[in-house]
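K.L.:
The structure's right below; bear with me while I get my questions together.
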Amino acid sequence: MSETVRTSGQSETRSPGPAGEAADAPRRAGGSWPARALSGRSLLGLVAAFVLLLALLVAPFYVQEFWLRTGFAVFGAVVGAIGLNLLVGTTGQLSLAHAFFLAVGAFTYAYVCGEPGGVATEVGGLGLPPLLGMVLGVLLAGVAGLIFSPIAARLRGIYLGVASLGLVFIGQHVLNTWTSVTGGFNGRLVPDFSLFGFSFTGTDPMLFVLGVRFGEAERLWYLGLFLALAAYLFARNLLRSRPGRALATLRDSETAAAVMGVNVQQYKARVFLLSSMYAGLSGVLYALSIGSVSPESFTLELSFLYLAMIVLGGLGSVAGAAIGALFVAAMPAVLQRYADALPFVSASGGAGVAAGEAARYLFGLSIVLVVMFEPGGLVGLTRRFRQRSARRPGAPPPAAATPSNGSSRPPNAAPTVPSDPPAQGSTA
């Protein structure tokens with residue numbers, strides 16, 4: 001006789017004897033399905049993320065000031081690369097205007113927080129709190145993106161890239177002629193950052209943590225780490241939400257997205273706005289990292305560097321954007337520091353290849369290799385390595401828990417429900 005067992009609202013027929021016991025063996029051996037899903041790769045990923053975060057938190061206690069300042073510059077590049085990756089990698093919209101939005105954020109912060117004065121060129125300033133200047137830098141960059149978004153919503157591919165290229169040229173003209181705000185060709189100094197009276201300089205106030213003096217480099221490290229982590233988590237959660245799925249649908253096919261109910265123009269405008277706000281925050285961090293800003297710091301070359309970051313890291317991957325930013329932003333400084341120990345590389349004015357030029361050669365070679373052999377970028381290499389490790393000879397096959405009724409659904413799973421309805425542009 002057969003025995004009927006009700007599980008999760010469904011009745012399942014189980015035969016007694018050896019056949020029924022054999023059907024239940026995988027369930028007893030493998031444990032519950034949620035527990036198995038949480039184990040393995042997911043648990044390993046959580047452990048790796050925790051170890052990485054812990055290493056970043058304790059780094060100021062052990063590494064030199066050079067690495068802390070380089071790391072702060074990398075954190076700013078990570079924010080900008082994530083924003084551009086949302087636009088290019090996730091949505092499939094080509095933009096060459098990222099340098100323009102970085103300039104908006106950087107010069108807004110310098111003007112809002114700076115004081116009137118100047119040496120070579122007279123510049124103005126509002127003298128407002130740095131936190132307000134940072135927020136306004138992000139918002140004004142978003143406003144600039146919002147103004148351009150109607151154009152971005154109606155163009156795609158190379159046509160959008162050419163249209164966005166015009167923003168860089170317009171921005172260069174404005175930055176060089178609006179001397180009261182930007183300082184013109186000579187640029188202007190960037191005020192130090194402070195938060196509710198706590199200065200991120202090295203002397204006011206004096207701060208010691210576990211016997212280690214926390215100067216400007218240590219404080220800026222934690223500021224950059226916090227902002228980069230917040231930008232990373234926001235982008236990850238966005239891509240896992242309904243608007244994120246709608247953006248991915250736009251990349252695959254705008255026609256299919258429109259058929260599924262996605263407001264194509266509205267979503268393209270929104271992601272351009274979000275990307276420009278990321279760029280504005282990145283521009284503020286960039287200004288804080290170098291201490292002064294000038295129009296020549298935000299040329300078309302900077303836009304190409306950010307494109308290189310997301311291509312090398314992996315288009316469409318938030319983690320890939322962070323890895324690509326680390327590679328591109330840190331490489332020139334590292335080559336400059338170890339120029340004497342590297343073959344064919346020399347410091348400025350030496351007989352060999354300058355560190356900056358050597359970094360450009362490496363970027364170009366890396367992009368060619370990635371496009372030819374690993375279009376998924378550095379993140380694609382890690383995925384391929386994990387897949388090969390999982391299929392290595394002698395590795396036990398994953399436990400397959402198949403119910404006695406022959407269904408491929410996990411045991412004890414709830415009844416199948418329809419997936420979320422198509423993302424609607426008017427409700428998301």
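Ordering of the structure tokens sets the chain letters (A, B, ...), residue numbers begin anew at 1 in every chain, and ligands are numbered from 1 in the order given.
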Write down as a VMD selection string the residues of stretch 209-402 of chain A whose backbone DSSP state falls under alpha helix (DSSP H).

P.N.:
chain A and resid 216 to 239 242 to 252 254 to 259 264 to 290 300 to 313 318 to 337 355 to 373 377 to 390

K.L.:
For A:Phe100, which of A:Ala339, A:Leu140, A:Val63, A:Leu365 is the closest residue, counting only C-alpha atoms?

P.N.:
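Checking each of A:Ala339, A:Leu140, A:Val63, A:Leu365 against A:Phe100, counting only C-alpha atoms, the winner is A:Leu140.
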
K.L.:
So that I can see what lies close to A:Phe107, please list as a PyMOL selection string the residues with an atom at most 9 Å from it, counting only C-alpha atoms and leaving out residues fewer than 5 positions away in the same chain.

P.N.:
chain A and resi 102+112+137+175+181-182+188+190+283-284+287+293-294

K.L.:
Keeping N, CA and C atoms, export the residues of the selection given above as a CSV table (one decimal), in the first residue's frame.

P.N.:
chain,number,residue,atom,x,y,z
A,102,LEU,N,32.4,64.1,-13.9
A,102,LEU,CA,33.4,64.2,-12.8
A,102,LEU,C,33.8,65.6,-12.6
A,112,VAL,N,32.0,75.6,-3.8
A,112,VAL,CA,31.0,75.7,-2.7
A,112,VAL,C,31.8,75.8,-1.4
A,137,GLY,N,27.8,68.7,-5.1
A,137,GLY,CA,28.5,68.2,-6.3
A,137,GLY,C,27.8,67.0,-6.9
A,175,LEU,N,35.0,75.3,-18.7
A,175,LEU,CA,36.0,75.2,-17.6
A,175,LEU,C,37.1,76.2,-17.8
A,181,VAL,N,35.2,80.5,-11.2
A,181,VAL,CA,34.7,79.3,-10.6
A,181,VAL,C,35.8,78.2,-10.6
A,182,THR,N,36.4,78.1,-11.8
A,182,THR,CA,37.4,77.0,-12.0
A,182,THR,C,38.9,77.4,-11.9
A,188,ARG,N,42.4,75.5,-9.4
A,188,ARG,CA,42.2,76.0,-8.1
A,188,ARG,C,42.5,75.0,-7.0
A,190,VAL,N,41.7,72.7,-3.7
A,190,VAL,CA,40.5,72.0,-3.1
A,190,VAL,C,40.5,72.1,-1.6
A,283,GLY,N,34.1,62.5,-8.8
A,283,GLY,CA,34.8,63.7,-9.0
A,283,GLY,C,35.2,64.4,-7.7
A,284,VAL,N,34.3,64.4,-6.7
A,284,VAL,CA,34.7,65.0,-5.4
A,284,VAL,C,35.8,64.2,-4.8
A,287,ALA,N,39.1,65.1,-6.6
A,287,ALA,CA,39.6,66.4,-6.2
A,287,ALA,C,40.2,66.3,-4.8
A,293,VAL,N,42.4,71.1,-8.6
A,293,VAL,CA,41.8,70.7,-9.9
A,293,VAL,C,42.0,71.7,-10.9
A,294,SER,N,42.1,71.3,-12.2
A,294,SER,CA,42.3,72.2,-13.3
A,294,SER,C,41.5,71.5,-14.5

K.L.:
I need the residue nearest A:Phe198 from this list: A:Ala153, A:Leu220, A:Ala319, A:Leu285. Use only C-alpha atoms for the distance.

P.N.:
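Ranking A:Ala153, A:Leu220, A:Ala319, A:Leu285 by distance to A:Phe198, first place goes to A:Leu220.
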
K.L.:
Which of these, A:Gly161, A:Ala103, A:Ala257, A:Gly380, has the shortest distance to A:Glu296 once you count only C-alpha atoms?

P.N.:
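Using only C-alpha atoms, A:Glu296 sits closest to A:Ala103.
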
K.L.:
With only C-alpha atoms as the counted atoms, please give the residues lying no more than 10 Å from A:Leu378, apart from itself and same-chain residues fewer than 2 positions off, as a PDB file with C-alpha atoms, in the first residue's frame.

P.N.:
ATOM      1  CA  ILE A 310      34.802  48.515 -16.955  1.00  0.00           C
ATOM      2  CA  VAL A 311      36.021  46.612 -20.023  1.00  0.00           C
ATOM      3  CA  LEU A 312      38.983  45.116 -18.178  1.00  0.00           C
ATOM      4  CA  GLY A 313      36.937  44.311 -15.097  1.00  0.00           C
ATOM      5  CA  GLY A 314      33.934  42.909 -16.935  1.00  0.00           C
ATOM      6  CA  LEU A 315      30.974  44.687 -18.507  1.00  0.00           C
ATOM      7  CA  ALA A 319      32.600  43.622  -8.823  1.00  0.00           C
ATOM      8  CA  GLY A 320      34.285  43.737 -12.228  1.00  0.00           C
ATOM      9  CA  ALA A 321      34.025  47.534 -12.281  1.00  0.00           C
ATOM     10  CA  ILE A 323      38.525  45.328  -9.982  1.00  0.00           C
ATOM     11  CA  GLY A 324      39.064  47.259 -13.212  1.00  0.00           C
ATOM     12  CA  VAL A 370      40.541  40.766 -22.863  1.00  0.00           C
ATOM     13  CA  GLU A 374      38.144  36.773 -22.291  1.00  0.00           C
ATOM     14  CA  PRO A 375      35.291  39.192 -23.132  1.00  0.00           C
ATOM     15  CA  GLY A 376      34.002  38.718 -19.592  1.00  0.00           C
ATOM     16  CA  GLY A 380      35.115  36.255 -16.247  1.00  0.00           C
ATOM     17  CA  LEU A 381      38.520  34.731 -15.480  1.00  0.00           C
ATOM     18  CA  THR A 382      37.536  34.148 -11.858  1.00  0.00           C
ATOM     19  CA  ARG A 383      34.244  32.546 -12.929  1.00  0.00           C
ATOM     20  CA  ARG A 384      36.062  30.251 -15.326  1.00  0.00           C
TER      21      ARG A 384
END

K.L.:
Write out as a list in words which residues come within 9 Å of stretch 246-256 of chain A when counting only C-alpha atoms, dropping same-chain ones fewer than 2 positions away.

P.N.:
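Here the answer would be Leu86, Leu87, Val88, Gly89, Thr90, Thr91, Gly92, Gln93, Leu239, Ser241, Arg242, Pro243, Gly244, Ala258, Val259, Met260, Gly261, Val262, Asn263, Val264, Tyr267, Lys268, Val271, Gly316, Pro422, Ala423, Gln424 and Gly425 of chain A.
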
K.L.:
Using only C-alpha atoms, which residue out of A:Leu165, A:Val353, A:Val58, A:Leu43 lies closest to A:Leu210?

P.N.:
A:Val58

K.L.:
Just the residues within 12 Å of A:Ala354, please, counting only C-alpha atoms, with nothing from its chain fewer than 5 positions along; format it as a CSV table (one decimal) with C-alpha atoms, in the first residue's frame.

P.N.:
chain,number,residue,atom,x,y,z
A,332,PRO,CA,50.6,54.4,-12.8
A,333,ALA,CA,51.4,55.1,-9.2
A,335,LEU,CA,55.0,51.8,-11.7
A,336,GLN,CA,56.2,55.2,-10.7
A,337,ARG,CA,57.1,54.0,-7.2
A,338,TYR,CA,59.0,50.9,-8.4
A,339,ALA,CA,60.4,52.4,-11.6
A,340,ASP,CA,64.0,51.8,-10.6
A,342,LEU,CA,61.5,47.4,-13.2
A,343,PRO,CA,63.1,46.8,-16.5
A,344,PHE,CA,62.6,49.3,-19.3
A,345,VAL,CA,60.7,51.6,-16.9
A,346,SER,CA,62.3,54.8,-15.5
A,347,ALA,CA,61.3,57.8,-13.4
A,348,SER,CA,60.4,61.0,-15.1
A,349,GLY,CA,63.4,62.2,-17.2
A,359,ALA,CA,50.9,52.2,-17.8
A,360,ARG,CA,49.1,53.2,-21.0
A,361,TYR,CA,50.9,50.4,-22.9

K.L.:
Which residue out of A:Val334, A:Ile170, A:Val78, A:Val209 has the minimum interatomic distance to A:Tyr286 when only C-alpha atoms are used?

P.N.:
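Distance minimum relative to A:Tyr286 lands on A:Val78.
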
K.L.:
What's the separation between atom CA of A:Tyr306 and atom CA of A:Thr201, in Å to one decimal place?

P.N.:
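Going from atom CA of A:Tyr306 over to atom CA of A:Thr201 covers 28.5 Å.
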
K.L.:
Find the distance between atom CA of A:Gly124 and atom CA of A:Pro295 and write it in Å to one decimal.

P.N.:
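Pair atom CA of A:Gly124 / atom CA of A:Pro295 returns 16.2 Å.
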
K.L.:
Record the distance separating atom CA of A:Ala235 and atom CA of A:Leu54, expressed in Å with one decimal.

P.N.:
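For atom CA of A:Ala235 relative to atom CA of A:Leu54, the distance reads 21.3 Å.
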
K.L.:
Considering only C-alpha atoms, can you say which of A:Leu131, A:Gly197, A:Phe208, A:Leu94 comes closest to A:Gly157?

P.N.:
A:Leu94

K.L.:
Name the residues in contact with A:Val74 at a cut-off of 7 Å, using only C-alpha atoms, excluding same-chain residues fewer than 4 positions from it; report them as a list in words.

P.N.:
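Non-adjacent residues within range: Thr70, Val78, Ala325, Leu326, Ala329 and Ala330 of chain A.
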